>>> print(open('my_file.pdb').read())   # PDB, C-alpha atoms
ATOM      1  CA  LYS A  26      17.373  45.297  15.915  1.00  0.00           C
ATOM      2  CA  MET A  27      14.043  44.128  17.361  1.00  0.00           C
ATOM      3  CA  LEU A  28      14.482  41.211  19.767  1.00  0.00           C
ATOM      4  CA  SER A  29      12.333  38.128  19.270  1.00  0.00           C
ATOM      5  CA  GLU A  30      10.025  36.955  22.057  1.00  0.00           C
ATOM      6  CA  SER A  31      12.371  34.074  22.913  1.00  0.00           C
ATOM      7  CA  GLU A  32      15.365  36.449  23.070  1.00  0.00           C
ATOM      8  CA  VAL A  33      13.471  38.799  25.375  1.00  0.00           C
ATOM      9  CA  LYS A  34      12.558  35.896  27.674  1.00  0.00           C
ATOM     10  CA  ARG A  35      16.161  34.669  27.685  1.00  0.00           C
ATOM     11  CA  ARG A  36      17.437  38.164  28.517  1.00  0.00           C
ATOM     12  CA  ASP A  37      14.889  38.613  31.311  1.00  0.00           C
ATOM     13  CA  ARG A  38      15.764  35.202  32.722  1.00  0.00           C
ATOM     14  CA  SER A  39      19.472  36.090  32.666  1.00  0.00           C
ATOM     15  CA  ASN A  40      18.820  39.434  34.401  1.00  0.00           C
ATOM     16  CA  LYS A  41      16.772  37.699  37.124  1.00  0.00           C
ATOM     17  CA  GLN A  42      19.594  35.227  37.670  1.00  0.00           C
ATOM     18  CA  LEU A  43      22.152  38.013  37.986  1.00  0.00           C
ATOM     19  CA  SER A  44      19.889  39.895  40.393  1.00  0.00           C
ATOM     20  CA  PHE A  45      19.547  36.750  42.488  1.00  0.00           C
ATOM     21  CA  LEU A  46      23.306  36.192  42.544  1.00  0.00           C
ATOM     22  CA  THR A  47      24.219  39.694  43.663  1.00  0.00           C
ATOM     23  CA  ARG A  48      21.532  39.913  46.354  1.00  0.00           C
ATOM     24  CA  GLY A  49      22.923  39.071  49.808  1.00  0.00           C
ATOM     25  CA  LEU A  50      26.363  38.487  48.352  1.00  0.00           C
ATOM     26  CA  ASN A  51      28.771  36.832  50.801  1.00  0.00           C
ATOM     27  CA  SER A  52      32.558  37.120  50.867  1.00  0.00           C
ATOM     28  CA  ALA A  53      33.026  34.407  48.204  1.00  0.00           C
ATOM     29  CA  GLY A  54      31.451  36.694  45.625  1.00  0.00           C
ATOM     30  CA  LYS A  55      32.802  39.940  47.065  1.00  0.00           C
ATOM     31  CA  THR A  56      36.397  38.721  47.007  1.00  0.00           C
ATOM     32  CA  ALA A  57      35.924  37.407  43.468  1.00  0.00           C
ATOM     33  CA  ILE A  58      35.051  40.952  42.462  1.00  0.00           C
ATOM     34  CA  SER A  59      37.780  42.661  44.485  1.00  0.00           C
ATOM     35  CA  CYS A  60      40.683  40.534  43.179  1.00  0.00           C
ATOM     36  CA  GLN A  61      42.966  42.536  40.899  1.00  0.00           C
ATOM     37  CA  THR A  62      43.597  39.592  38.560  1.00  0.00           C
ATOM     38  CA  GLU A  63      41.930  36.256  37.867  1.00  0.00           C
ATOM     39  CA  SER A  64      45.066  34.383  38.921  1.00  0.00           C
ATOM     40  CA  GLN A  65      44.459  35.685  42.452  1.00  0.00           C
ATOM     41  CA  LEU A  66      41.198  33.725  42.566  1.00  0.00           C
ATOM     42  CA  ARG A  67      43.077  30.426  42.679  1.00  0.00           C
ATOM     43  CA  VAL A  68      43.251  28.489  45.936  1.00  0.00           C
ATOM     44  CA  LYS A  69      45.143  25.208  45.547  1.00  0.00           C
ATOM     45  CA  CYS A  70      42.953  22.065  45.734  1.00  0.00           C
ATOM     46  CA  TYR A  71      39.656  23.998  45.663  1.00  0.00           C
ATOM     47  CA  CYS A  72      39.016  24.088  41.889  1.00  0.00           C
ATOM     48  CA  GLU A  73      35.227  23.824  42.276  1.00  0.00           C
ATOM     49  CA  GLU A  74      35.238  27.075  44.264  1.00  0.00           C
ATOM     50  CA  ASN A  75      37.853  28.739  42.062  1.00  0.00           C
ATOM     51  CA  VAL A  76      35.651  28.172  39.012  1.00  0.00           C
ATOM     52  CA  TRP A  77      32.514  29.350  40.858  1.00  0.00           C
ATOM     53  CA  ARG A  78      34.257  32.641  41.650  1.00  0.00           C
ATOM     54  CA  LEU A  79      35.727  32.946  38.161  1.00  0.00           C
ATOM     55  CA  ALA A  80      32.287  32.411  36.595  1.00  0.00           C
ATOM     56  CA  PHE A  81      30.755  34.895  39.034  1.00  0.00           C
ATOM     57  CA  ARG A  82      33.379  37.496  38.183  1.00  0.00           C
ATOM     58  CA  ARG A  83      32.900  37.091  34.436  1.00  0.00           C
ATOM     59  CA  ILE A  84      29.117  36.785  34.338  1.00  0.00           C
ATOM     60  CA  CYS A  85      28.575  39.776  36.572  1.00  0.00           C
ATOM     61  CA  GLY A  86      30.214  41.938  33.929  1.00  0.00           C
ATOM     62  CA  LEU A  87      33.674  42.446  35.364  1.00  0.00           C
ATOM     63  CA  HIS A  88      35.419  41.343  32.188  1.00  0.00           C
ATOM     64  CA  ASP A  89      35.328  43.037  28.794  1.00  0.00           C
ATOM     65  CA  SER A  90      34.299  39.843  27.017  1.00  0.00           C
ATOM     66  CA  VAL A  91      30.925  39.694  28.792  1.00  0.00           C
ATOM     67  CA  LYS A  92      29.750  43.215  28.025  1.00  0.00           C
ATOM     68  CA  ASN A  93      27.212  41.883  25.512  1.00  0.00           C
ATOM     69  CA  ARG A  94      26.156  38.725  27.348  1.00  0.00           C
ATOM     70  CA  ASP A  95      22.431  39.608  26.979  1.00  0.00           C
ATOM     71  CA  GLY A  96      22.546  38.697  23.302  1.00  0.00           C
ATOM     72  CA  GLY A  97      22.914  42.137  21.744  1.00  0.00           C
ATOM     73  CA  GLY A  98      25.827  43.506  19.756  1.00  0.00           C
ATOM     74  CA  LYS A  99      28.402  41.760  17.621  1.00  0.00           C
ATOM     75  CA  GLU A 100      29.809  39.511  20.315  1.00  0.00           C
ATOM     76  CA  ASN A 101      27.850  37.008  22.414  1.00  0.00           C
ATOM     77  CA  VAL A 102      29.499  35.052  25.223  1.00  0.00           C
ATOM     78  CA  ALA A 103      28.269  31.980  27.090  1.00  0.00           C
ATOM     79  CA  TYR A 104      29.943  30.163  29.960  1.00  0.00           C
ATOM     80  CA  HIS A 105      29.765  26.526  31.029  1.00  0.00           C
ATOM     81  CA  VAL A 106      31.265  24.932  34.124  1.00  0.00           C
ATOM     82  CA  VAL A 107      32.731  21.500  33.362  1.00  0.00           C
ATOM     83  CA  PHE A 108      33.553  18.819  35.937  1.00  0.00           C
ATOM     84  CA  ILE A 109      36.140  16.296  34.729  1.00  0.00           C
ATOM     85  CA  SER A 110      36.292  12.836  36.283  1.00  0.00           C
ATOM     86  CA  ASN A 111      35.286   9.234  35.508  1.00  0.00           C
ATOM     87  CA  THR A 112      33.568   6.294  37.185  1.00  0.00           C
ATOM     88  CA  GLU A 113      36.850   5.388  38.907  1.00  0.00           C
ATOM     89  CA  ARG A 114      37.273   8.938  40.226  1.00  0.00           C
ATOM     90  CA  CYS A 115      40.869   8.771  39.071  1.00  0.00           C
ATOM     91  CA  CYS A 116      41.499  10.958  36.038  1.00  0.00           C
ATOM     92  CA  PRO A 117      45.069  11.502  34.765  1.00  0.00           C
ATOM     93  CA  MET A 118      45.793  14.914  33.253  1.00  0.00           C
ATOM     94  CA  LEU A 119      48.948  16.481  31.834  1.00  0.00           C
ATOM     95  CA  TYR A 120      50.143  20.086  32.053  1.00  0.00           C
ATOM     96  CA  GLN A 121      48.818  20.538  35.579  1.00  0.00           C
ATOM     97  CA  LYS A 122      50.642  22.811  38.045  1.00  0.00           C
ATOM     98  CA  ALA A 123      50.252  20.175  40.761  1.00  0.00           C
ATOM     99  CA  SER A 124      52.768  17.926  38.950  1.00  0.00           C
ATOM    100  CA  GLU A 125      56.529  18.402  39.114  1.00  0.00           C
ATOM    101  CA  TYR A 126      56.752  18.852  35.343  1.00  0.00           C
ATOM    102  CA  PRO A 127      54.146  19.284  32.553  1.00  0.00           C
ATOM    103  CA  LEU A 128      54.304  15.746  31.107  1.00  0.00           C
ATOM    104  CA  GLN A 129      53.992  14.031  34.474  1.00  0.00           C
ATOM    105  CA  PRO A 130      50.354  12.926  34.872  1.00  0.00           C
ATOM    106  CA  CYS A 131      48.405  14.432  37.742  1.00  0.00           C
ATOM    107  CA  TYR A 132      45.763  11.950  38.926  1.00  0.00           C
ATOM    108  CA  TRP A 133      42.749  13.999  40.011  1.00  0.00           C
ATOM    109  CA  ASP A 134      39.674  12.476  41.620  1.00  0.00           C
ATOM    110  CA  TYR A 135      37.962  15.368  39.856  1.00  0.00           C
ATOM    111  CA  HIS A 136      38.866  18.662  38.256  1.00  0.00           C
ATOM    112  CA  VAL A 137      36.784  21.699  37.264  1.00  0.00           C
ATOM    113  CA  ILE A 138      37.238  24.160  34.398  1.00  0.00           C
ATOM    114  CA  LEU A 139      35.286  26.983  32.774  1.00  0.00           C
ATOM    115  CA  ILE A 140      34.509  26.960  29.044  1.00  0.00           C
ATOM    116  CA  GLU A 141      33.931  30.278  27.288  1.00  0.00           C
ATOM    117  CA  SER A 142      31.968  30.147  24.039  1.00  0.00           C
ATOM    118  CA  THR A 143      32.042  33.330  21.971  1.00  0.00           C
ATOM    119  CA  ASN A 144      30.018  34.016  18.839  1.00  0.00           C
ATOM    120  CA  ILE A 145      31.698  36.739  16.801  1.00  0.00           C
ATOM    121  CA  VAL A 146      30.157  38.272  13.696  1.00  0.00           C
ATOM    122  CA  VAL A 147      32.723  39.478  11.148  1.00  0.00           C
ATOM    123  CA  LYS A 148      31.500  40.939   7.842  1.00  0.00           C
ATOM    124  CA  GLY A 149      28.131  39.302   8.321  1.00  0.00           C
ATOM    125  CA  LYS A 150      29.557  35.855   9.028  1.00  0.00           C
ATOM    126  CA  SER A 151      29.305  34.217  12.448  1.00  0.00           C
ATOM    127  CA  HIS A 152      32.336  32.526  13.971  1.00  0.00           C
ATOM    128  CA  ARG A 153      32.419  30.500  17.193  1.00  0.00           C
ATOM    129  CA  LYS A 154      35.487  30.656  19.415  1.00  0.00           C
ATOM    130  CA  ILE A 155      35.741  28.117  22.259  1.00  0.00           C
ATOM    131  CA  CYS A 156      38.282  28.643  25.052  1.00  0.00           C
ATOM    132  CA  VAL A 157      39.109  26.846  28.289  1.00  0.00           C
ATOM    133  CA  LEU A 158      39.902  28.752  31.484  1.00  0.00           C
ATOM    134  CA  ASP A 159      41.890  26.500  33.820  1.00  0.00           C
ATOM    135  CA  MET A 160      43.883  28.243  36.523  1.00  0.00           C
ATOM    136  CA  ASP A 161      45.543  24.931  37.480  1.00  0.00           C
ATOM    137  CA  SER A 162      46.937  24.298  34.008  1.00  0.00           C
ATOM    138  CA  CYS A 163      50.438  25.148  32.743  1.00  0.00           C
ATOM    139  CA  LEU A 164      48.962  25.830  29.305  1.00  0.00           C
ATOM    140  CA  GLU A 165      48.249  29.313  28.018  1.00  0.00           C
ATOM    141  CA  TYR A 166      45.383  31.070  29.797  1.00  0.00           C
ATOM    142  CA  PRO A 167      42.936  30.921  28.159  1.00  0.00           C
ATOM    143  CA  THR A 168      43.614  28.200  25.607  1.00  0.00           C
ATOM    144  CA  SER A 169      41.446  26.763  22.848  1.00  0.00           C
ATOM    145  CA  LEU A 170      39.299  23.766  23.745  1.00  0.00           C
ATOM    146  CA  GLN A 171      40.935  21.557  21.118  1.00  0.00           C
ATOM    147  CA  VAL A 172      44.464  22.368  22.279  1.00  0.00           C
ATOM    148  CA  TYR A 173      43.458  21.875  25.908  1.00  0.00           C
ATOM    149  CA  LEU A 174      41.970  18.427  25.272  1.00  0.00           C
ATOM    150  CA  ASN A 175      44.859  17.331  23.055  1.00  0.00           C
ATOM    151  CA  ARG A 176      47.517  18.438  25.513  1.00  0.00           C
ATOM    152  CA  SER A 177      45.761  17.390  28.730  1.00  0.00           C
ATOM    153  CA  PHE A 178      44.618  13.952  27.553  1.00  0.00           C
ATOM    154  CA  GLY A 179      45.867  13.181  24.026  1.00  0.00           C
ATOM    155  CA  GLU A 180      49.520  12.874  24.995  1.00  0.00           C
ATOM    156  CA  LEU A 181      48.926  10.452  27.874  1.00  0.00           C
ATOM    157  CA  ALA A 182      50.736   7.134  27.507  1.00  0.00           C
ATOM    158  CA  LEU A 183      49.309   4.468  29.818  1.00  0.00           C
ATOM    159  CA  CYS A 184      50.791   0.985  29.421  1.00  0.00           C
ATOM    160  CA  ASP A 185      47.692  -0.998  30.321  1.00  0.00           C
ATOM    161  CA  GLY A 186      44.969  -0.787  27.641  1.00  0.00           C
ATOM    162  CA  GLU A 187      42.213  -1.857  30.053  1.00  0.00           C
ATOM    163  CA  LYS A 188      43.373   0.717  32.591  1.00  0.00           C
ATOM    164  CA  GLU A 189      43.426   3.379  29.895  1.00  0.00           C
ATOM    165  CA  GLN A 190      39.770   2.710  29.075  1.00  0.00           C
ATOM    166  CA  LYS A 191      38.762   2.936  32.741  1.00  0.00           C
ATOM    167  CA  LEU A 192      40.617   6.200  33.248  1.00  0.00           C
ATOM    168  CA  LYS A 193      39.242   7.980  30.186  1.00  0.00           C
ATOM    169  CA  PRO A 194      37.760  11.339  31.175  1.00  0.00           C
ATOM    170  CA  LEU A 195      34.064  12.100  31.336  1.00  0.00           C
ATOM    171  CA  PHE A 196      32.700  15.624  31.466  1.00  0.00           C
ATOM    172  CA  ARG A 197      29.707  17.035  33.330  1.00  0.00           C
ATOM    173  CA  VAL A 198      28.672  20.201  31.485  1.00  0.00           C
ATOM    174  CA  ILE A 199      26.628  22.773  33.432  1.00  0.00           C
ATOM    175  CA  PRO A 200      25.449  26.235  32.341  1.00  0.00           C
ATOM    176  CA  ALA A 201      27.442  28.631  34.503  1.00  0.00           C
ATOM    177  CA  ASN A 202      24.418  30.604  35.724  1.00  0.00           C
ATOM    178  CA  SER A 203      22.882  27.371  36.988  1.00  0.00           C
ATOM    179  CA  TYR A 204      26.098  26.389  38.771  1.00  0.00           C
ATOM    180  CA  LEU A 205      26.307  29.790  40.435  1.00  0.00           C
ATOM    181  CA  GLN A 206      22.770  29.436  41.742  1.00  0.00           C
ATOM    182  CA  HIS A 207      22.841  25.835  42.934  1.00  0.00           C
ATOM    183  CA  PHE A 208      26.381  24.809  43.927  1.00  0.00           C
ATOM    184  CA  SER A 209      27.056  24.382  47.654  1.00  0.00           C
ATOM    185  CA  SER A 210      30.099  23.187  49.546  1.00  0.00           C
ATOM    186  CA  ASP A 211      30.765  23.032  53.275  1.00  0.00           C
ATOM    187  CA  ARG A 212      34.335  21.807  52.541  1.00  0.00           C
ATOM    188  CA  THR A 213      33.963  18.691  54.697  1.00  0.00           C
ATOM    189  CA  HIS A 214      35.447  16.634  51.846  1.00  0.00           C
ATOM    190  CA  MET A 215      38.742  18.412  52.521  1.00  0.00           C
ATOM    191  CA  LYS A 216      38.928  17.404  56.195  1.00  0.00           C
ATOM    192  CA  LYS A 217      40.709  14.399  57.647  1.00  0.00           C
ATOM    193  CA  ARG A 218      39.088  12.213  60.290  1.00  0.00           C
ATOM    194  CA  ASP A 219      40.920  14.121  63.025  1.00  0.00           C
ATOM    195  CA  GLY A 220      39.421  17.387  61.762  1.00  0.00           C
ATOM    196  CA  THR A 221      42.591  18.794  60.217  1.00  0.00           C
ATOM    197  CA  TRP A 222      42.648  20.034  56.632  1.00  0.00           C
ATOM    198  CA  LEU A 223      44.012  18.104  53.658  1.00  0.00           C
ATOM    199  CA  ALA A 224      44.853  21.516  52.179  1.00  0.00           C
ATOM    200  CA  PRO A 225      44.484  24.996  53.709  1.00  0.00           C
ATOM    201  CA  PRO A 226      40.951  26.263  52.999  1.00  0.00           C
ATOM    202  CA  PRO A 227      40.064  29.598  51.396  1.00  0.00           C
ATOM    203  CA  THR A 228      39.723  32.510  53.794  1.00  0.00           C
ATOM    204  CA  TYR A 229      36.360  33.610  52.392  1.00  0.00           C
ATOM    205  CA  GLU A 230      33.030  32.082  53.472  1.00  0.00           C
ATOM    206  CA  CYS A 231      31.787  28.742  52.168  1.00  0.00           C
ATOM    207  CA  ILE A 232      29.707  28.915  48.996  1.00  0.00           C
ATOM    208  CA  THR A 233      26.109  27.942  49.688  1.00  0.00           C
ATOM    209  CA  SER A 234      23.076  28.034  47.438  1.00  0.00           C
ATOM    210  CA  SER A 235      19.633  29.389  48.264  1.00  0.00           C
ATOM    211  CA  SER A 236      18.255  25.856  48.008  1.00  0.00           C
ATOM    212  CA  SER A 237      20.495  24.582  50.819  1.00  0.00           C
ATOM    213  CA  GLN A 238      18.359  23.468  53.751  1.00  0.00           C
ATOM    214  CA  ILE A 239      19.602  24.507  57.166  1.00  0.00           C
ATOM    215  CA  ASN A 240      19.791  21.172  58.944  1.00  0.00           C
ATOM    216  CA  SER A 241      22.746  20.234  61.122  1.00  0.00           C
ATOM    217  CA  GLN A 242      22.052  16.536  60.458  1.00  0.00           C
ATOM    218  CA  ILE A 243      22.471  16.943  56.684  1.00  0.00           C
ATOM    219  CA  SER A 244      25.565  18.002  54.763  1.00  0.00           C
ATOM    220  CA  LEU A 245      25.093  21.352  53.065  1.00  0.00           C
ATOM    221  CA  SER A 246      27.352  20.219  50.231  1.00  0.00           C
ATOM    222  CA  ASN A 247      26.092  18.958  46.870  1.00  0.00           C
ATOM    223  CA  LEU A 248      29.624  18.739  45.408  1.00  0.00           C
ATOM    224  CA  ASP A 249      29.462  14.955  45.167  1.00  0.00           C
ATOM    225  CA  GLU A 250      26.440  15.145  42.865  1.00  0.00           C
ATOM    226  CA  PHE A 251      28.474  17.197  40.395  1.00  0.00           C
ATOM    227  CA  ILE A 252      31.479  14.857  40.606  1.00  0.00           C
ATOM    228  CA  ASN A 253      29.411  11.681  40.142  1.00  0.00           C
ATOM    229  CA  MET A 254      29.805  10.484  36.540  1.00  0.00           C
ATOM    230  CA  THR A 255      27.780   7.280  36.902  1.00  0.00           C
ATOM    231  CA  GLU A 256      24.406   9.032  37.062  1.00  0.00           C
ATOM    232  CA  ASN A 257      23.008  11.461  34.529  1.00  0.00           C
ATOM    233  CA  LYS A 258      19.998  13.126  36.183  1.00  0.00           C
ATOM    234  CA  SER A 259      19.600  15.979  33.715  1.00  0.00           C
ATOM    235  CA  ASN A 260      15.821  15.412  33.551  1.00  0.00           C
ATOM    236  CA  GLU A 261      15.244  15.063  37.302  1.00  0.00           C
ATOM    237  CA  ARG A 262      17.783  17.690  38.425  1.00  0.00           C
ATOM    238  CA  PRO A 263      18.582  19.913  35.435  1.00  0.00           C
ATOM    239  CA  PHE A 264      21.003  22.108  37.412  1.00  0.00           C
ATOM    240  CA  LEU A 265      23.438  19.173  37.429  1.00  0.00           C
ATOM    241  CA  GLY A 266      23.892  19.469  33.679  1.00  0.00           C
ATOM    242  CA  GLU A 267      24.728  16.521  31.451  1.00  0.00           C
ATOM    243  CA  VAL A 268      27.512  13.914  31.442  1.00  0.00           C
ATOM    244  CA  VAL A 269      29.296  13.455  28.092  1.00  0.00           C
ATOM    245  CA  ASN A 270      32.451  11.805  26.781  1.00  0.00           C
ATOM    246  CA  MET A 271      35.239  13.691  25.014  1.00  0.00           C
ATOM    247  CA  GLU A 272      33.825  13.214  21.520  1.00  0.00           C
ATOM    248  CA  GLN A 273      30.417  14.481  22.646  1.00  0.00           C
ATOM    249  CA  LEU A 274      32.036  17.444  24.371  1.00  0.00           C
ATOM    250  CA  GLN A 275      33.870  18.399  21.195  1.00  0.00           C
ATOM    251  CA  SER A 276      30.679  18.025  19.174  1.00  0.00           C
ATOM    252  CA  GLU A 277      28.693  20.166  21.625  1.00  0.00           C
ATOM    253  CA  PHE A 278      31.199  23.007  21.328  1.00  0.00           C
ATOM    254  CA  SER A 279      32.104  22.596  17.656  1.00  0.00           C
TER     255      SER A 279
END
>>> encode(input="my_file.pdb", output="structure tokens")
Amino acid sequence: KMLSESEVKRRDRSNKQLSFLTRGLNSAGKTAISCQTESQLRVKCYCEENVWRLAFRRICGLHDSVKNRDGGGKENVAYHVVFISNTERCCPMLYQKASEYPLQPCYWDYHVILIESTNIVVKGKSHRKICVLDMDSCLEYPTSLQVYLNRSFGELALCDGEKEQKLKPLFRVIPANSYLQHFSSDRTHMKKRDGTWLAPPPTYECITSSSSQINSQISLSNLDEFINMTENKSNERPFLGEVVNMEQLQSEFS
């Protein structure tokens, strides 16, 4: 099949991104590749880094489902990183491993997941399969987007109606390639005032983007920009993606 001009440009852009990502790879990427299983990528309380490494591992072709990511063949796969929070930065979720039992809400200031969107052609008809990859969830891995949303949020029972509205989840949706290129964290958000850690940090190097400016007076972390659900700067800073509510998220991946 002859590729269209737009498909060729998209493929070339994807190849350039992959080349950029693998050049000068630090231990965050190397250990993502060397892990025997995806469950070994998980470091408790560092979901933003876990998802970065998971996306890196999948997009760089280390999983069978991405073998045709360029757009050729019968199966096309796209990945999106999704930050979950709200304006209160207090988002209750069910079926999280951090809780004592599945139906006990876990109140995250933010959480991060990976969405896998697969277009499968069967007998000439195209079907779209949407799955969520959440290593912190007790649900099946992966699980369908609809099941994930229903179980994580649909079964919540909050007594106060006003509180329930405030704590509704919002979702910042970012193309995974963009997140891999631009995300940076120096992990200072996980340190107490006395310099000790809120949770033991990963043993691999901090994830830093090429756009990070080396300046000791400025934090090298842009994590807060991804967590912030009050500002939608998709036009000014497209790498931050777009903030949507649950209905819009479902519509985007329907």
>>> residues_around(input="my_file.pdb", residues="segment 161-177 of chain A", least_positions_apart="4", cutoff="7 Å", atoms="all atoms listed in the file", output="PDB file with C-alpha atoms, keeping the file's coordinate frame")
ATOM      1  CA  MET A 118      45.793  14.914  33.253  1.00  0.00           C
ATOM      2  CA  LEU A 119      48.948  16.481  31.834  1.00  0.00           C
ATOM      3  CA  TYR A 120      50.143  20.086  32.053  1.00  0.00           C
ATOM      4  CA  GLN A 121      48.818  20.538  35.579  1.00  0.00           C
ATOM      5  CA  LYS A 122      50.642  22.811  38.045  1.00  0.00           C
ATOM      6  CA  PRO A 127      54.146  19.284  32.553  1.00  0.00           C
ATOM      7  CA  ILE A 155      35.741  28.117  22.259  1.00  0.00           C
ATOM      8  CA  CYS A 156      38.282  28.643  25.052  1.00  0.00           C
ATOM      9  CA  VAL A 157      39.109  26.846  28.289  1.00  0.00           C
TER      10      VAL A 157
END
>>> residues_around(input="my_file.pdb", residues="segment 134-149 of chain A", least_positions_apart="4", cutoff="6 Å", atoms="all atoms listed in the file", output="short mmCIF file (atom, residue, chain, number, x, y, z; two decimals) with C-alpha atoms, in the coordinates of the input")
data_model
loop_
_atom_site.label_atom_id
_atom_site.label_comp_id
_atom_site.auth_asym_id
_atom_site.auth_seq_id
_atom_site.Cartn_x
_atom_site.Cartn_y
_atom_site.Cartn_z
CA CYS A 72 39.02 24.09 41.89
CA GLU A 73 35.23 23.82 42.28
CA LYS A 99 28.40 41.76 17.62
CA GLU A 100 29.81 39.51 20.32
CA ASN A 101 27.85 37.01 22.41
CA VAL A 102 29.50 35.05 25.22
CA ALA A 103 28.27 31.98 27.09
CA TYR A 104 29.94 30.16 29.96
CA HIS A 105 29.76 26.53 31.03
CA VAL A 106 31.26 24.93 34.12
CA VAL A 107 32.73 21.50 33.36
CA PHE A 108 33.55 18.82 35.94
CA ILE A 109 36.14 16.30 34.73
CA SER A 110 36.29 12.84 36.28
CA ARG A 114 37.27 8.94 40.23
CA CYS A 115 40.87 8.77 39.07
CA ARG A 153 32.42 30.50 17.19
CA LYS A 154 35.49 30.66 19.42
CA ILE A 155 35.74 28.12 22.26
CA CYS A 156 38.28 28.64 25.05
CA VAL A 157 39.11 26.85 28.29
CA LEU A 158 39.90 28.75 31.48
CA ASP A 159 41.89 26.50 33.82
#
>>> atom_distance(input="my_file.pdb", atom1="atom CA of Pro225 of chain A", atom2="atom CA of Ala53 of chain A")
15.8 Å
>>> atom_distance(input="my_file.pdb", atom1="atom CA of Ala224 of chain A", atom2="atom CA of Cys70 of chain A")
6.7 Å
>>> closest_atom_pairs(input="my_file.pdb", of="segment 58-153 of chain A", to="segment 203-211 of chain A", cutoff="8 Å", atoms="all atoms listed in the file", output="CSV")
residue,atom,partner,partner_atom,distance
A:Trp77,CA,A:Leu205,CA,6.2
A:Ala80,CA,A:Leu205,CA,7.6
A:Phe81,CA,A:Leu205,CA,6.9
A:Val106,CA,A:Tyr204,CA,7.1
>>> resolve_selection(input="my_file.pdb", expression="the PyMOL selection byres ((chain A and resi 231) around 12)", output="PyMOL selection string")
chain A and resi 50-54+71+73-75+77-78+208-213+226-230+232-234+245-246
>>> build_atoms(input="my_file.pdb", residues="segment 177-181 of chain A", atoms="all heavy atoms", output="short mmCIF file (atom, residue, chain, number, x, y, z; two decimals), in the coordinates of the input")
data_model
loop_
_atom_site.label_atom_id
_atom_site.label_comp_id
_atom_site.auth_asym_id
_atom_site.auth_seq_id
_atom_site.Cartn_x
_atom_site.Cartn_y
_atom_site.Cartn_z
N SER A 177 46.07 17.94 27.40
CA SER A 177 45.76 17.39 28.73
C SER A 177 45.54 15.89 28.71
O SER A 177 45.89 15.19 29.68
CB SER A 177 44.52 18.07 29.31
OG SER A 177 44.72 19.45 29.46
N PHE A 178 44.98 15.37 27.61
CA PHE A 178 44.62 13.95 27.55
C PHE A 178 45.23 13.20 26.37
O PHE A 178 45.52 12.02 26.48
CB PHE A 178 43.10 13.81 27.50
CG PHE A 178 42.38 14.50 28.62
CD1 PHE A 178 41.70 15.69 28.39
CD2 PHE A 178 42.39 13.99 29.90
CE1 PHE A 178 41.05 16.35 29.42
CE2 PHE A 178 41.75 14.64 30.94
CZ PHE A 178 41.07 15.82 30.70
N GLY A 179 45.43 13.86 25.24
CA GLY A 179 45.87 13.18 24.03
C GLY A 179 47.28 12.67 24.07
O GLY A 179 47.65 11.75 23.34
N GLU A 180 48.12 13.27 24.93
CA GLU A 180 49.52 12.87 25.00
C GLU A 180 49.81 11.89 26.12
O GLU A 180 50.96 11.55 26.39
CB GLU A 180 50.40 14.12 25.15
CG GLU A 180 50.29 15.09 23.98
CD GLU A 180 51.12 16.35 24.18
OE1 GLU A 180 51.98 16.36 25.07
OE2 GLU A 180 50.91 17.32 23.43
N LEU A 181 48.74 11.42 26.80
CA LEU A 181 48.93 10.45 27.87
C LEU A 181 49.34 9.11 27.30
O LEU A 181 48.81 8.66 26.29
CB LEU A 181 47.63 10.28 28.67
CG LEU A 181 47.31 11.35 29.72
CD1 LEU A 181 45.88 11.23 30.17
CD2 LEU A 181 48.26 11.21 30.91
#
